[in-house]
>>> print(open('work21.tsv').read())   # TSV, C-alpha atoms
chain	number	residue	atom	x	y	z
A	1	MET	CA	0.00	0.00	0.00
A	2	THR	CA	1.31	3.39	-0.93
A	3	VAL	CA	0.20	7.00	-1.11
A	4	SER	CA	0.81	8.97	-4.28
A	5	SER	CA	0.36	12.74	-4.55
A	6	GLY	CA	0.07	15.01	-7.53
A	7	GLN	CA	-1.44	18.25	-8.63
A	8	CYS	CA	-2.55	19.94	-11.83
A	9	GLU	CA	-3.00	23.56	-12.68
A	10	PHE	CA	-5.52	25.18	-14.99
A	11	GLU	CA	-6.18	28.67	-16.26
A	12	THR	CA	-9.87	29.41	-15.72
A	13	THR	CA	-12.23	32.11	-16.91
A	14	SER	CA	-14.84	33.94	-14.83
A	15	GLY	CA	-18.50	32.92	-14.62
A	16	THR	CA	-18.63	29.27	-13.55
A	17	ASP	CA	-15.94	27.78	-15.72
A	18	ILE	CA	-16.31	24.00	-15.83
A	19	LEU	CA	-13.24	22.00	-16.88
A	20	ASP	CA	-12.99	18.33	-17.73
A	21	VAL	CA	-10.02	17.18	-15.64
A	22	THR	CA	-10.51	13.45	-16.32
A	23	PRO	CA	-7.52	13.15	-18.69
A	24	ASP	CA	-5.25	14.76	-16.09
A	25	VAL	CA	-6.56	12.47	-13.37
A	26	ARG	CA	-6.00	9.43	-15.61
A	27	ALA	CA	-2.45	10.53	-16.44
A	28	PHE	CA	-1.67	10.98	-12.76
A	29	LEU	CA	-3.11	7.58	-11.91
A	30	GLU	CA	-1.05	5.86	-14.58
A	31	ALA	CA	2.14	7.53	-13.37
A	32	SER	CA	1.34	6.64	-9.75
A	33	GLY	CA	1.56	2.91	-10.42
A	34	ILE	CA	-1.43	2.30	-8.16
A	35	SER	CA	-3.75	-0.32	-9.61
A	36	ASP	CA	-6.34	-0.80	-6.85
A	37	GLY	CA	-7.50	1.72	-4.32
A	38	VAL	CA	-9.09	5.14	-4.10
A	39	LEU	CA	-8.24	8.41	-5.76
A	40	ILE	CA	-9.24	11.70	-4.16
A	41	VAL	CA	-9.74	14.78	-6.34
A	42	PHE	CA	-9.74	17.92	-4.23
A	43	ALA	CA	-10.11	21.63	-4.98
A	44	PRO	CA	-8.13	23.71	-2.48
A	45	GLY	CA	-10.05	26.99	-2.36
A	46	ALA	CA	-13.36	28.39	-1.14
A	47	THR	CA	-14.83	29.24	-4.56
A	48	ALA	CA	-14.35	26.01	-6.49
A	49	GLY	CA	-15.95	22.58	-6.49
A	50	ILE	CA	-15.43	19.07	-7.82
A	51	THR	CA	-18.18	16.84	-9.15
A	52	THR	CA	-18.97	14.63	-12.15
A	53	ILE	CA	-21.17	15.39	-15.15
A	54	GLU	CA	-21.52	14.40	-18.78
A	55	PHE	CA	-19.12	16.89	-20.33
A	56	GLU	CA	-21.16	18.16	-23.24
A	57	PRO	CA	-22.14	21.81	-23.81
A	58	GLY	CA	-25.84	21.26	-23.18
A	59	ALA	CA	-25.49	19.68	-19.73
A	60	LEU	CA	-22.87	22.28	-18.77
A	61	ALA	CA	-25.19	25.14	-19.77
A	62	ASP	CA	-28.03	23.55	-17.82
A	63	PHE	CA	-25.83	23.12	-14.75
A	64	ARG	CA	-24.80	26.78	-14.92
A	65	ARG	CA	-28.43	27.86	-15.21
A	66	THR	CA	-29.45	25.81	-12.18
A	67	LEU	CA	-26.61	27.25	-10.11
A	68	GLU	CA	-27.63	30.74	-11.25
A	69	MET	CA	-31.16	30.03	-10.04
A	70	VAL	CA	-29.99	28.66	-6.68
A	71	ALA	CA	-27.35	31.34	-6.01
A	72	PRO	CA	-27.81	34.19	-8.53
A	73	ARG	CA	-24.75	36.22	-9.35
A	74	ASP	CA	-26.50	39.59	-9.07
A	75	GLN	CA	-28.36	38.97	-5.84
A	76	GLU	CA	-27.20	40.89	-2.77
A	77	TYR	CA	-24.81	38.93	-0.58
A	78	GLU	CA	-23.64	39.68	2.93
A	79	HIS	CA	-20.23	38.47	1.87
A	80	ASN	CA	-20.07	41.15	-0.84
A	81	ARG	CA	-21.24	43.84	1.55
A	82	ARG	CA	-18.39	43.00	3.92
A	83	TRP	CA	-15.58	42.27	1.50
A	84	GLY	CA	-16.56	44.04	-1.73
A	85	ASP	CA	-15.17	41.32	-3.98
A	86	GLY	CA	-18.49	40.48	-5.63
A	87	ASN	CA	-18.09	36.73	-5.41
A	88	GLY	CA	-20.66	35.94	-2.74
A	89	HIS	CA	-22.47	33.63	-5.16
A	90	SER	CA	-19.19	31.77	-5.82
A	91	HIS	CA	-18.80	30.87	-2.16
A	92	ILE	CA	-22.35	29.51	-1.94
A	93	ARG	CA	-22.05	27.44	-5.10
A	94	ALA	CA	-18.74	26.01	-3.91
A	95	ALA	CA	-20.13	25.07	-0.50
A	96	LEU	CA	-23.10	23.32	-2.14
A	97	VAL	CA	-21.18	21.36	-4.76
A	98	GLY	CA	-18.32	20.53	-2.38
A	99	PRO	CA	-14.56	20.39	-2.95
A	100	SER	CA	-13.86	16.66	-2.86
A	101	LEU	CA	-14.58	13.52	-4.83
A	102	ALA	CA	-13.47	9.95	-4.07
A	103	VAL	CA	-13.18	7.71	-7.13
A	104	PRO	CA	-12.59	3.94	-6.93
A	105	VAL	CA	-9.58	2.58	-8.82
A	106	LEU	CA	-9.58	-1.01	-10.18
A	107	ASN	CA	-6.93	-2.62	-12.35
A	108	GLY	CA	-5.34	0.76	-12.88
A	109	ARG	CA	-8.57	2.37	-14.07
A	110	LEU	CA	-11.04	4.89	-12.66
A	111	ASP	CA	-14.41	3.20	-12.28
A	112	LEU	CA	-16.40	5.96	-14.00
A	113	GLY	CA	-19.53	5.59	-16.11
A	114	THR	CA	-19.24	5.90	-19.87
A	115	TRP	CA	-20.56	9.46	-20.01
A	116	GLN	CA	-19.27	10.56	-16.62
A	117	GLN	CA	-16.41	13.02	-16.47
A	118	ILE	CA	-14.67	14.54	-13.46
A	119	VAL	CA	-14.99	18.31	-13.51
A	120	LEU	CA	-13.41	21.22	-11.73
A	121	CYS	CA	-15.96	24.02	-11.33
A	122	ASP	CA	-14.42	27.43	-10.84
A	123	PHE	CA	-17.26	29.55	-9.50
A	124	ASP	CA	-15.19	32.69	-8.99
A	125	ASN	CA	-15.94	35.95	-10.78
A	126	ARG	CA	-12.47	36.49	-12.23
A	127	THR	CA	-9.92	34.52	-14.19
A	128	ARG	CA	-7.70	32.44	-11.99
A	129	ARG	CA	-4.89	29.96	-11.98
A	130	ARG	CA	-6.46	26.97	-10.27
A	131	ARG	CA	-4.78	24.00	-8.68
A	132	ILE	CA	-6.36	20.66	-7.91
A	133	ARG	CA	-4.83	18.05	-5.64
A	134	LEU	CA	-4.83	14.38	-6.62
A	135	GLN	CA	-4.18	11.85	-3.89
A	136	ALA	CA	-4.24	8.11	-4.51
A	137	ILE	CA	-4.07	5.38	-1.87
A	138	GLY	CA	-3.79	1.76	-2.84
A	139	GLU	CA	-1.55	-1.00	-4.01
B	1	MET	CA	-3.66	-2.69	5.05
B	2	THR	CA	-5.67	-4.06	2.16
B	3	VAL	CA	-8.04	-2.92	-0.54
B	4	SER	CA	-11.29	-4.77	-1.06
B	5	SER	CA	-13.60	-4.22	-4.05
B	6	GLY	CA	-17.18	-5.16	-4.66
B	7	GLN	CA	-20.23	-4.09	-6.52
B	8	CYS	CA	-23.99	-4.44	-6.28
B	9	GLU	CA	-26.67	-4.17	-8.91
B	10	PHE	CA	-30.19	-2.88	-8.60
B	11	GLU	CA	-33.22	-2.63	-10.85
B	12	THR	CA	-34.48	0.95	-10.67
B	13	THR	CA	-37.65	2.71	-11.80
B	14	SER	CA	-37.89	6.09	-13.53
B	15	GLY	CA	-38.52	9.37	-11.69
B	16	THR	CA	-35.85	9.72	-8.98
B	17	ASP	CA	-35.84	6.24	-7.56
B	18	ILE	CA	-34.14	6.26	-4.15
B	19	LEU	CA	-32.83	2.91	-2.87
B	20	ASP	CA	-31.54	2.05	0.57
B	21	VAL	CA	-28.24	0.28	-0.18
B	22	THR	CA	-27.06	0.15	3.45
B	23	PRO	CA	-27.69	-3.61	3.87
B	24	ASP	CA	-25.66	-4.33	0.73
B	25	VAL	CA	-22.83	-2.09	1.91
B	26	ARG	CA	-22.84	-3.82	5.31
B	27	ALA	CA	-22.77	-7.26	3.72
B	28	PHE	CA	-19.84	-6.26	1.54
B	29	LEU	CA	-17.96	-4.82	4.50
B	30	GLU	CA	-18.44	-7.98	6.54
B	31	ALA	CA	-17.20	-10.16	3.68
B	32	SER	CA	-14.19	-7.88	3.12
B	33	GLY	CA	-12.76	-8.63	6.55
B	34	ILE	CA	-11.74	-4.98	6.96
B	35	SER	CA	-12.37	-3.77	10.48
B	36	ASP	CA	-10.89	-0.25	10.44
B	37	GLY	CA	-10.61	2.12	7.52
B	38	VAL	CA	-12.77	3.87	4.97
B	39	LEU	CA	-15.43	2.57	2.62
B	40	ILE	CA	-16.20	4.42	-0.61
B	41	VAL	CA	-19.65	4.08	-2.17
B	42	PHE	CA	-19.61	5.25	-5.77
B	43	ALA	CA	-22.22	5.49	-8.53
B	44	PRO	CA	-20.60	5.01	-11.95
B	45	GLY	CA	-22.87	7.00	-14.25
B	46	ALA	CA	-23.82	10.59	-15.05
B	47	THR	CA	-27.45	10.40	-13.90
B	48	ALA	CA	-27.14	8.88	-10.43
B	49	GLY	CA	-25.97	10.07	-7.04
B	50	ILE	CA	-25.04	8.75	-3.61
B	51	THR	CA	-25.94	10.45	-0.33
B	52	THR	CA	-27.45	9.64	3.07
B	53	ILE	CA	-30.97	10.29	4.31
B	54	GLU	CA	-33.43	8.88	6.81
B	55	PHE	CA	-35.03	6.23	4.66
B	56	GLU	CA	-38.70	6.81	5.42
B	57	PRO	CA	-41.37	7.67	2.80
B	58	GLY	CA	-41.91	11.23	4.05
B	59	ALA	CA	-38.29	12.35	3.82
B	60	LEU	CA	-37.91	10.64	0.45
B	61	ALA	CA	-40.99	12.44	-0.93
B	62	ASP	CA	-39.68	15.75	0.43
B	63	PHE	CA	-36.26	15.15	-1.15
B	64	ARG	CA	-37.89	14.40	-4.52
B	65	ARG	CA	-39.97	17.57	-4.28
B	66	THR	CA	-36.92	19.72	-3.52
B	67	LEU	CA	-35.01	18.23	-6.46
B	68	GLU	CA	-38.05	18.86	-8.68
B	69	MET	CA	-38.00	22.50	-7.58
B	70	VAL	CA	-34.26	22.88	-8.16
B	71	ALA	CA	-34.15	21.03	-11.51
B	72	PRO	CA	-37.73	20.48	-12.75
B	73	ARG	CA	-38.32	17.53	-15.00
B	74	ASP	CA	-40.44	19.46	-17.52
B	75	GLN	CA	-38.25	22.53	-17.85
B	76	GLU	CA	-36.41	23.04	-21.13
B	77	TYR	CA	-32.85	21.75	-21.06
B	78	GLU	CA	-30.07	22.37	-23.54
B	79	HIS	CA	-29.06	18.75	-23.03
B	80	ASN	CA	-32.48	17.57	-24.21
B	81	ARG	CA	-32.40	19.88	-27.22
B	82	ARG	CA	-29.09	18.37	-28.31
B	83	TRP	CA	-29.61	14.73	-27.44
B	84	GLY	CA	-33.36	14.25	-27.30
B	85	ASP	CA	-33.26	11.81	-24.42
B	86	GLY	CA	-35.32	13.95	-22.04
B	87	ASN	CA	-33.10	13.44	-19.02
B	88	GLY	CA	-31.53	16.88	-18.74
B	89	HIS	CA	-32.89	17.24	-15.22
B	90	SER	CA	-31.28	13.89	-14.30
B	91	HIS	CA	-27.82	15.15	-15.18
B	92	ILE	CA	-28.24	18.29	-13.10
B	93	ARG	CA	-29.55	16.47	-10.05
B	94	ALA	CA	-26.70	13.95	-10.28
B	95	ALA	CA	-24.05	16.67	-10.54
B	96	LEU	CA	-25.51	18.44	-7.50
B	97	VAL	CA	-25.88	15.41	-5.22
B	98	GLY	CA	-22.57	13.90	-6.36
B	99	PRO	CA	-21.60	10.29	-7.07
B	100	SER	CA	-19.36	9.45	-4.11
B	101	LEU	CA	-19.57	8.96	-0.37
B	102	ALA	CA	-16.76	8.10	2.05
B	103	VAL	CA	-17.90	6.30	5.20
B	104	PRO	CA	-15.61	5.60	8.18
B	105	VAL	CA	-15.32	1.98	9.31
B	106	LEU	CA	-14.55	1.12	12.95
B	107	ASN	CA	-14.48	-2.34	14.52
B	108	GLY	CA	-16.05	-3.74	11.38
B	109	ARG	CA	-18.96	-1.29	11.44
B	110	LEU	CA	-20.02	1.70	9.37
B	111	ASP	CA	-20.07	4.76	11.62
B	112	LEU	CA	-23.55	5.92	10.56
B	113	GLY	CA	-26.11	7.73	12.67
B	114	THR	CA	-29.11	5.78	13.94
B	115	TRP	CA	-31.52	7.14	11.30
B	116	GLN	CA	-28.98	7.62	8.55
B	117	GLN	CA	-29.08	5.29	5.56
B	118	ILE	CA	-26.87	5.22	2.47
B	119	VAL	CA	-28.95	5.74	-0.65
B	120	LEU	CA	-28.47	5.35	-4.36
B	121	CYS	CA	-30.51	7.99	-6.19
B	122	ASP	CA	-31.29	7.07	-9.77
B	123	PHE	CA	-32.34	10.34	-11.36
B	124	ASP	CA	-32.80	8.95	-14.86
B	125	ASN	CA	-36.14	9.03	-16.68
B	126	ARG	CA	-36.28	5.34	-17.50
B	127	THR	CA	-35.92	2.04	-15.69
B	128	ARG	CA	-32.33	0.91	-15.47
B	129	ARG	CA	-30.07	-1.76	-14.14
B	130	ARG	CA	-27.74	0.22	-11.88
B	131	ARG	CA	-24.39	-0.76	-10.48
B	132	ILE	CA	-22.65	0.76	-7.49
B	133	ARG	CA	-19.00	0.26	-6.68
B	134	LEU	CA	-17.88	-0.44	-3.11
B	135	GLN	CA	-14.24	0.04	-2.28
B	136	ALA	CA	-12.85	-0.44	1.21
B	137	ILE	CA	-9.34	0.43	2.37
B	138	GLY	CA	-8.14	-0.52	5.80
B	139	GLU	CA	-6.83	-3.21	8.05
C	1	MET	CA	0.35	2.67	6.24
C	2	THR	CA	-1.94	3.03	9.21
C	3	VAL	CA	-5.50	3.98	10.06
C	4	SER	CA	-6.12	6.52	12.78
C	5	SER	CA	-9.57	7.25	14.25
C	6	GLY	CA	-10.85	10.09	16.32
C	7	GLN	CA	-13.96	12.04	17.08
C	8	CYS	CA	-14.94	15.46	18.35
C	9	GLU	CA	-18.09	16.66	20.01
C	10	PHE	CA	-19.77	20.02	19.77
C	11	GLU	CA	-22.75	21.72	21.37
C	12	THR	CA	-24.89	23.17	18.60
C	13	THR	CA	-27.79	25.58	18.48
C	14	SER	CA	-30.95	25.27	16.37
C	15	GLY	CA	-31.43	26.89	12.95
C	16	THR	CA	-28.52	25.75	10.75
C	17	ASP	CA	-25.63	26.15	13.11
C	18	ILE	CA	-22.35	26.18	11.14
C	19	LEU	CA	-19.18	25.37	13.10
C	20	ASP	CA	-15.59	25.71	11.99
C	21	VAL	CA	-14.10	22.34	12.90
C	22	THR	CA	-10.77	22.91	11.12
C	23	PRO	CA	-8.76	23.41	14.33
C	24	ASP	CA	-10.11	20.13	15.72
C	25	VAL	CA	-9.31	18.30	12.50
C	26	ARG	CA	-5.78	19.73	12.53
C	27	ALA	CA	-5.24	18.72	16.14
C	28	PHE	CA	-6.41	15.19	15.38
C	29	LEU	CA	-4.13	14.96	12.35
C	30	GLU	CA	-1.11	16.09	14.33
C	31	ALA	CA	-1.80	13.54	17.06
C	32	SER	CA	-2.31	10.78	14.49
C	33	GLY	CA	1.25	11.00	13.28
C	34	ILE	CA	0.10	10.53	9.68
C	35	SER	CA	1.99	12.78	7.30
C	36	ASP	CA	0.72	11.69	3.87
C	37	GLY	CA	-2.67	10.29	3.01
C	38	VAL	CA	-6.34	11.15	3.23
C	39	LEU	CA	-8.47	12.36	6.09
C	40	ILE	CA	-12.22	11.71	6.12
C	41	VAL	CA	-14.50	14.05	8.04
C	42	PHE	CA	-17.90	12.46	8.56
C	43	ALA	CA	-21.11	13.54	10.28
C	44	PRO	CA	-22.96	10.53	11.69
C	45	GLY	CA	-26.60	11.63	11.63
C	46	ALA	CA	-29.38	12.38	9.16
C	47	THR	CA	-29.70	16.10	9.86
C	48	ALA	CA	-26.09	17.30	9.60
C	49	GLY	CA	-23.63	17.87	6.80
C	50	ILE	CA	-19.95	18.51	6.18
C	51	THR	CA	-18.57	20.90	3.58
C	52	THR	CA	-16.05	23.72	3.25
C	53	ILE	CA	-16.66	27.47	3.16
C	54	GLU	CA	-14.87	30.69	3.99
C	55	PHE	CA	-15.77	30.97	7.66
C	56	GLU	CA	-16.80	34.60	7.87
C	57	PRO	CA	-20.25	35.83	9.00
C	58	GLY	CA	-21.26	37.14	5.57
C	59	ALA	CA	-20.71	33.90	3.67
C	60	LEU	CA	-22.35	31.92	6.48
C	61	ALA	CA	-25.44	34.17	6.40
C	62	ASP	CA	-25.59	33.82	2.60
C	63	PHE	CA	-25.31	30.04	2.83
C	64	ARG	CA	-28.14	29.90	5.37
C	65	ARG	CA	-30.32	32.08	3.15
C	66	THR	CA	-29.73	29.85	0.12
C	67	LEU	CA	-30.58	26.73	2.11
C	68	GLU	CA	-33.71	28.47	3.38
C	69	MET	CA	-34.69	29.18	-0.22
C	70	VAL	CA	-34.01	25.61	-1.36
C	71	ALA	CA	-35.65	23.88	1.63
C	72	PRO	CA	-37.62	26.44	3.64
C	73	ARG	CA	-38.10	25.75	7.31
C	74	ASP	CA	-41.80	26.64	7.35
C	75	GLN	CA	-42.85	24.75	4.23
C	76	GLU	CA	-45.01	21.66	4.68
C	77	TYR	CA	-43.01	18.43	4.74
C	78	GLU	CA	-44.27	14.88	4.48
C	79	HIS	CA	-41.65	13.98	7.06
C	80	ASN	CA	-43.21	16.40	9.55
C	81	ARG	CA	-46.73	15.13	8.84
C	82	ARG	CA	-45.61	11.59	9.67
C	83	TRP	CA	-43.26	12.18	12.56
C	84	GLY	CA	-44.26	15.56	14.00
C	85	ASP	CA	-40.72	16.61	14.82
C	86	GLY	CA	-40.70	19.67	12.54
C	87	ASN	CA	-37.28	19.01	11.06
C	88	GLY	CA	-38.25	17.97	7.54
C	89	HIS	CA	-36.17	20.82	6.12
C	90	SER	CA	-33.17	19.57	8.13
C	91	HIS	CA	-33.26	16.17	6.45
C	92	ILE	CA	-33.38	17.70	2.97
C	93	ARG	CA	-30.54	20.12	3.62
C	94	ALA	CA	-28.41	17.32	5.06
C	95	ALA	CA	-29.05	15.03	2.07
C	96	LEU	CA	-28.09	17.83	-0.32
C	97	VAL	CA	-24.91	18.97	1.42
C	98	GLY	CA	-23.84	15.42	2.25
C	99	PRO	CA	-22.20	13.98	5.37
C	100	SER	CA	-18.65	13.30	4.19
C	101	LEU	CA	-15.56	15.12	3.06
C	102	ALA	CA	-12.21	13.67	1.96
C	103	VAL	CA	-9.23	15.99	2.49
C	104	PRO	CA	-5.72	15.26	1.16
C	105	VAL	CA	-2.89	15.26	3.70
C	106	LEU	CA	0.66	16.17	2.66
C	107	ASN	CA	3.66	16.58	4.94
C	108	GLY	CA	1.39	16.47	7.94
C	109	ARG	CA	-0.86	19.25	6.65
C	110	LEU	CA	-4.38	19.44	5.25
C	111	ASP	CA	-4.21	20.73	1.68
C	112	LEU	CA	-6.88	23.40	2.13
C	113	GLY	CA	-7.07	26.78	0.41
C	114	THR	CA	-6.18	29.88	2.40
C	115	TRP	CA	-9.78	30.91	3.01
C	116	GLN	CA	-11.26	27.43	3.07
C	117	GLN	CA	-12.46	26.01	6.37
C	118	ILE	CA	-14.05	22.64	7.14
C	119	VAL	CA	-17.50	23.12	8.62
C	120	LEU	CA	-20.02	20.99	10.40
C	121	CYS	CA	-23.54	22.14	9.51
C	122	ASP	CA	-26.14	21.16	12.04
C	123	PHE	CA	-29.44	21.61	10.22
C	124	ASP	CA	-31.63	20.33	13.04
C	125	ASN	CA	-34.29	22.47	14.70
C	126	ARG	CA	-33.10	21.99	18.26
C	127	THR	CA	-29.88	22.24	20.22
C	128	ARG	CA	-27.85	19.07	20.07
C	129	ARG	CA	-24.64	17.47	21.17
C	130	ARG	CA	-23.04	16.59	17.83
C	131	ARG	CA	-20.24	14.16	17.12
C	132	ILE	CA	-18.06	14.07	14.03
C	133	ARG	CA	-15.85	11.15	13.07
C	134	LEU	CA	-12.31	11.75	11.82
C	135	GLN	CA	-10.60	8.91	10.02
C	136	ALA	CA	-7.12	9.23	8.54
C	137	ILE	CA	-5.39	6.69	6.32
C	138	GLY	CA	-1.79	7.13	5.31
C	139	GLU	CA	1.80	6.79	6.32
>>> encode(input="work21.tsv", output="structure tokens")
Amino acid sequence: MTVSSGQCEFETTSGTDILDVTPDVRAFLEASGISDGVLIVFAPGATAGITTIEFEPGALADFRRTLEMVAPRDQEYEHNRRWGDGNGHSHIRAALVGPSLAVPVLNGRLDLGTWQQIVLCDFDNRTRRRRIRLQAIGE
Amino acid sequence: MTVSSGQCEFETTSGTDILDVTPDVRAFLEASGISDGVLIVFAPGATAGITTIEFEPGALADFRRTLEMVAPRDQEYEHNRRWGDGNGHSHIRAALVGPSLAVPVLNGRLDLGTWQQIVLCDFDNRTRRRRIRLQAIGE
Amino acid sequence: MTVSSGQCEFETTSGTDILDVTPDVRAFLEASGISDGVLIVFAPGATAGITTIEFEPGALADFRRTLEMVAPRDQEYEHNRRWGDGNGHSHIRAALVGPSLAVPVLNGRLDLGTWQQIVLCDFDNRTRRRRIRLQAIGE
């Protein structure tokens, strides 16, 4: 049993940028040499989230619309009133979606569904350089 | 420390079928021989989710109603316009609830609350044969 | 590779009490002696959740407002009709936020963002003594 750590960085745009990080996760897993275990994908940061979705433009647009309904960008936020950075909605979306995902690994492969991709959601209202942490435990 | 893998299959109905998979998870854990560690429950697929809830008809009906408010079945979805499969709402609900759950294992037992059950939520709009992956790491 | 278990208890108030448990998680990690691996934070119970957020009063107030919009306290719930305990909204919020979080550990530290704290959300409608489970796996 070993632990293997890695990270990836991405340039993101403002306005709920959703990135398919599955290829990066797969590349990390292959390099790790771990064939059976669990892989954690984690977004360090209070305005990003990790989940899975079918990565096609329609589903992504729908997901953005739902998040806009649940935590509208132009609503008043106490966070904005205190800090003036205008990303109150980003914090709420991130807390709801959550920053971590645990994916089973079998025979060196992620056990994902056919249409299921791992995505980094950057909810912030400005372009950023985003880092995700990949942590695999297994044998 | 070892890794133990298993899976379970379920026949689901359309319209946010919610299944209590706790007995299956417990049976897997017992067979695994792992007494202390972590057990991952994962739904491979872009239209299903894993969470916990008190598995009684009232809470399940309330959960379905909330999901219907957040991502209504009969709303227009870009996903449906592109793919014509009518399950745009399923993708959104799955992305929000998330496909993975990590449950602590102590002395051979899941550390769940008394009224807390592990559920597979099939959000798809048709009956399916669903698989969940169970992955335990521990000693 | 070892497994280390711990738990913490908190007195909570009613009405979506959100507690910063990061210092407790850090203290547990330090005592565990694990320097690289994964730490699971888990809320045993059907009316609590674990997520991350920037722990400042504005973002917490905004998060509570969003949850009140998604699952209003004073709406009618089937759960309440059956059980009369008035916490139907608590069950829905808990199922949405989810009870578990997996945090990467590197060099003895949680890989959190600067403004990202781990929070226990007690959604119940009465004061409680709440327990969270901490489970670390690593070396």
>>> interface_residues(input="work21.tsv", of="chain C", to="chain A", cutoff="10 Å", atoms="only C-alpha atoms", output="PyMOL selection string")
chain C and resi 1-2+36-38+50-67+69-70+93+96-98+100-106+110-117+119+137-139
>>> atom_distance(input="work21.tsv", atom1="CA of Leu19 in chain C", atom2="CA of Phe123 in chain C")
11.3 Å
>>> closest_residue(input="work21.tsv", among="C:Gly108, C:Arg129, C:Asp74, C:Glu11", to="Arg26 in chain C", atoms="only C-alpha atoms")
C:Gly108
>>> residues_around(input="work21.tsv", residues="Phe28 in chain A", least_positions_apart="3", cutoff="8 Å", atoms="only C-alpha atoms", output="PDB file with C-alpha atoms, in the coordinates of the input")
ATOM      1  CA  GLY A   6       0.070  15.010  -7.530  1.00  0.00           C
ATOM      2  CA  ASP A  24      -5.250  14.760 -16.090  1.00  0.00           C
ATOM      3  CA  VAL A  25      -6.560  12.470 -13.370  1.00  0.00           C
ATOM      4  CA  ALA A  31       2.140   7.530 -13.370  1.00  0.00           C
ATOM      5  CA  SER A  32       1.340   6.640  -9.750  1.00  0.00           C
ATOM      6  CA  LEU A 134      -4.830  14.380  -6.620  1.00  0.00           C
TER       7      LEU A 134
END
>>> atom_distance(input="work21.tsv", atom1="CA of Asp85 in chain B", atom2="CA of Asp122 in chain B")
15.5 Å
>>> decode(input="work21.tsv", residues="range 35-46 of chain A", atoms="N, CA and C atoms", output="CSV table (one decimal), in the first residue's frame")
chain,number,residue,atom,x,y,z
A,35,SER,N,-2.8,0.4,-8.8
A,35,SER,CA,-3.8,-0.3,-9.6
A,35,SER,C,-5.1,-0.5,-8.9
A,36,ASP,N,-5.1,-0.6,-7.6
A,36,ASP,CA,-6.3,-0.8,-6.9
A,36,ASP,C,-6.4,0.1,-5.6
A,37,GLY,N,-7.4,0.9,-5.5
A,37,GLY,CA,-7.5,1.7,-4.3
A,37,GLY,C,-8.5,2.8,-4.5
A,38,VAL,N,-8.2,4.0,-4.0
A,38,VAL,CA,-9.1,5.1,-4.1
A,38,VAL,C,-8.3,6.4,-4.5
A,39,LEU,N,-8.9,7.2,-5.4
A,39,LEU,CA,-8.2,8.4,-5.8
A,39,LEU,C,-9.1,9.6,-5.4
A,40,ILE,N,-8.5,10.5,-4.6
A,40,ILE,CA,-9.2,11.7,-4.2
A,40,ILE,C,-8.9,12.9,-5.1
A,41,VAL,N,-9.9,13.5,-5.6
A,41,VAL,CA,-9.7,14.8,-6.3
A,41,VAL,C,-10.2,15.9,-5.5
A,42,PHE,N,-9.4,16.9,-5.2
A,42,PHE,CA,-9.7,17.9,-4.2
A,42,PHE,C,-9.4,19.3,-4.8
A,43,ALA,N,-10.3,20.2,-4.6
A,43,ALA,CA,-10.1,21.6,-5.0
A,43,ALA,C,-9.8,22.5,-3.8
A,44,PRO,N,-8.5,22.8,-3.6
A,44,PRO,CA,-8.1,23.7,-2.5
A,44,PRO,C,-8.6,25.1,-2.8
A,45,GLY,N,-9.5,25.7,-2.1
A,45,GLY,CA,-10.1,27.0,-2.4
A,45,GLY,C,-11.5,27.0,-2.0
A,46,ALA,N,-12.0,28.3,-1.6
A,46,ALA,CA,-13.4,28.4,-1.1
A,46,ALA,C,-14.4,28.8,-2.2
